[in-house]
Each structure stands twice: as C-alpha cells, then as structure tokens.
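In what follows, a structure is listed as structure tokens, so that the remarks can point back to it.
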Amino acid sequence: NNMAESLGRITALELGEEPDHAGAAAATHRVMDSLGIEGVRLSDNSGLSTENRITPRALVQLVKTAADDPRLNATITGLPTSHSTGTLAGRYSEHSSSHAAAGLVRGKTGTLDGVSTLAGTIHDQEGNVFVFALMANSPGATGPQMDTLAAALSQCGCG
C-alpha cells in the first residue's frame with residue numbers, strides 16, 4: 001500500500017501534478033487513459049480509500065498490459081508467487097485445498113472489509129498462462145476462497 005502510494009506520487013511529480021492523494025490519483029488516471037484502461041476510479045493509490053473503484057476487467061487489462069510490455073516485465077515477475085513469496089507465501093500450503101496450484105499462481109491480493117481480490121497470472125497443466133482477476137464483494141469473502149478458484153483454473157487443461 002505504501003509503495004503504491006509512493007509510486008503514484010512520483011508519477012504525479014513527473015506529470016506536473018501535486019504529490020498528494022489527489023495529484024497521485026489524477027496522474028494515475030492519466031496513465032490509465034493513455035493505456036486505454038477503463039473502469040478505474042481512484043481517490044488514492046494505496047488502495048485503502050473506500051472511494052476507490054476498479055472492475056475485474058480493468059485488473060485483467062492492467063496485468064495483460066504489463067505482461068505484454070517488456071518495459072513492465074518486473075511488474076509481473078515481482079508479483080507474489082503461491083506458497084513461495086510475498087502475500088501468497090503462506091497460502092496454497094500442503095494442508096489447503098489449493099495446494100495443487102503452489103508455484104503456479106502469481107498475484108496481487110487485495111483485502112478490505114467485505115472485499116477480497118486476487119489478480120495476476122496462472123500457469124495451467126499444459127503450460128498455458130492465463131491472466132485473471134477474481135473479486136468478491138461479500139462480508140464472508142476471504143483469500144482462501146480466491147485461492148480455491150485460482151487452483152481450479154491451474155488444474156485446467158485448457159489448450
């Protein structure tokens with residue numbers, strides 16, 4: 001959250017905006033517009049504002065844009081990996097129903113009251129790579145539920 005807000009403020013400075021929440025959001029909207037990504041409304045870049053809105057389609061477009069542009073490769077390779085790194089390190093364990101996807105999912109998690117999201121890439125059993133976004137707006141929504149869905153996609157022979 002802090003890194004995202006900092007990057008937004010750096011972008012604001014580069015684009016001539018004020019380096020505050022509003023300026024960072026305005027700069028990010030300009031970048032999104034230049035990439036043709038719709039479905040994003042920000043009041044901050046940290047993702048903590050209850051005013052922020054993003055569609056699953058916009059998340060998929062963002063991940064796909066990063067995956068398709070060599071200059072943005074670190075965006076994808078830097079995503080946490082299931083049962084290995086970052087916010088996914090403790091997930092997809094041997095004792096979970098999602099263990100079959102350990103090492104196959106790279107994703108950014110998002111969890112607020114009543115909202116759980118996982119977006120990134122999945123490798124399936126045939127070596128195909130899929131871009132995905134899972135989002136649940138429900139008081140009972142949890143990361144492990146998102147993991148179960150991602151694990152099901154990883155077991156697909158979809159080629």
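In the structure tokens, chains take the letters A, B, ... in the order shown, each chain's residues start at 1, and ligands count up from 1 in the order shown.
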
Write out as number ranges by chain which residues come within 7 Å of Asn1 in chain A when counting only C-alpha atoms, dropping same-chain ones fewer than 2 positions away. A: 3-5, 46-47

Keeping only all heavy atoms, take the residues you just selected and write them out as a PDB file, in the first residue's frame.
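Result file is again04.pdb:
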```pdb
ATOM      1  N   MET A   3       4.004   1.472  -1.001  1.00  0.00           N
ATOM      2  CA  MET A   3       4.743   1.535  -2.263  1.00  0.00           C
ATOM      3  C   MET A   3       3.840   2.062  -3.378  1.00  0.00           C
ATOM      4  O   MET A   3       4.263   2.902  -4.173  1.00  0.00           O
ATOM      5  CB  MET A   3       5.289   0.153  -2.634  1.00  0.00           C
ATOM      6  CG  MET A   3       6.091   0.151  -3.913  1.00  0.00           C
ATOM      7  SD  MET A   3       7.614   1.095  -3.821  1.00  0.00           S
ATOM      8  CE  MET A   3       8.591   0.025  -2.805  1.00  0.00           C
ATOM      9  N   ALA A   4       2.613   1.580  -3.433  1.00  0.00           N
ATOM     10  CA  ALA A   4       1.688   2.039  -4.479  1.00  0.00           C
ATOM     11  C   ALA A   4       1.415   3.536  -4.342  1.00  0.00           C
ATOM     12  O   ALA A   4       1.389   4.264  -5.339  1.00  0.00           O
ATOM     13  CB  ALA A   4       0.381   1.251  -4.407  1.00  0.00           C
ATOM     14  N   GLU A   5       1.231   3.992  -3.120  1.00  0.00           N
ATOM     15  CA  GLU A   5       1.000   5.423  -2.907  1.00  0.00           C
ATOM     16  C   GLU A   5       2.235   6.226  -3.288  1.00  0.00           C
ATOM     17  O   GLU A   5       2.131   7.282  -3.931  1.00  0.00           O
ATOM     18  CB  GLU A   5       0.605   5.695  -1.455  1.00  0.00           C
ATOM     19  CG  GLU A   5       0.169   7.120  -1.201  1.00  0.00           C
ATOM     20  CD  GLU A   5      -1.090   7.531  -1.968  1.00  0.00           C
ATOM     21  OE1 GLU A   5      -2.014   6.713  -2.123  1.00  0.00           O
ATOM     22  OE2 GLU A   5      -1.126   8.686  -2.435  1.00  0.00           O
ATOM     23  N   SER A  46      -3.033   3.974  -2.662  1.00  0.00           N
ATOM     24  CA  SER A  46      -2.719   2.899  -1.721  1.00  0.00           C
ATOM     25  C   SER A  46      -3.738   1.776  -1.778  1.00  0.00           C
ATOM     26  O   SER A  46      -3.450   0.662  -1.364  1.00  0.00           O
ATOM     27  CB  SER A  46      -2.650   3.439  -0.291  1.00  0.00           C
ATOM     28  OG  SER A  46      -3.946   3.767   0.171  1.00  0.00           O
ATOM     29  N   GLY A  47      -4.932   2.077  -2.269  1.00  0.00           N
ATOM     30  CA  GLY A  47      -5.984   1.073  -2.305  1.00  0.00           C
ATOM     31  C   GLY A  47      -6.789   1.016  -1.029  1.00  0.00           C
ATOM     32  O   GLY A  47      -7.630   0.140  -0.858  1.00  0.00           O
TER      33      GLY A  47
END
```

List as a tab-separated table every residue of range 102-139 of chain A that is in contact with range 50-70 of chain A, defined as an atom at most 10 Å from one of its atoms (using only C-alpha atoms), together with the nearest atom pair and the distance in Å rounded to one decimal, sorted by chain and then rising number.
```
residue	atom	partner	partner_atom	distance
A:Gly107	CA	A:Val63	CA	9.4
A:Lys108	CA	A:Val63	CA	9.9
A:Leu112	CA	A:Thr50	CA	9.1
A:Asp113	CA	A:Thr50	CA	9.8
A:Thr117	CA	A:Pro56	CA	8.9
A:Leu118	CA	A:Leu59	CA	9.5
A:Ala119	CA	A:Leu59	CA	6.7
A:Gly120	CA	A:Val63	CA	6.2
A:Thr121	CA	A:Val63	CA	7.8
A:Phe130	CA	A:Lys64	CA	9.2
A:Val131	CA	A:Val60	CA	6.2
A:Phe132	CA	A:Val60	CA	5.7
A:Ala133	CA	A:Pro56	CA	5.4
A:Leu134	CA	A:Pro56	CA	6.8
A:Met135	CA	A:Pro56	CA	6.7
A:Ala136	CA	A:Pro56	CA	9.9
```

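The gap separating CA of Ile76 in chain A from CA of Arg30 in chain A is 21.6 Å, in Å to one decimal.
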
Check the DSSP output for the backbone and give back, as a list in words, the residues of range 36-132 of chain A in alpha helix (DSSP H). Pro56, Arg57, Ala58, Leu59, Val60, Gln61, Leu62, Val63, Lys64, Thr65, Ala66, Ala67, Asp68, Asn73, Ala74, Thr75, Ile76 and Thr77 of chain A

Shell of 7 Å around range 91-99 of chain A, only C-alpha atoms, local chain residues under 5 positions omitted, as a VMD selection string: chain A and resid 82 to 83 147 to 148 151

Please return as a VMD selection string: the residues of chain A that backbone DSSP assigns to strand (DSSP E or B). chain A and resid 40 to 41 53 to 54 81 105 to 112 115 to 123 129 to 137

For Ala12 in chain A, find every residue with an atom within 9 Å (counting only C-alpha atoms), except residues of its own chain fewer than 2 positions away, and show them as a ChimeraX atom specification. /A:7-10,14-20,23-28

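Between CA of Ser116 in chain A and CA of Met146 in chain A there is a distance of 7.6 Å.
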
Go through A:Arg41, A:His29, A:His123, A:His21 one by one, measure the shortest atom-to-atom distance of each to Ala102 in chain A using only C-alpha atoms, and give the residue with the smallest value. A:His123

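Here CA of Ser49 in chain A is placed at a distance of 11.7 Å from CA of Ala22 in chain A.
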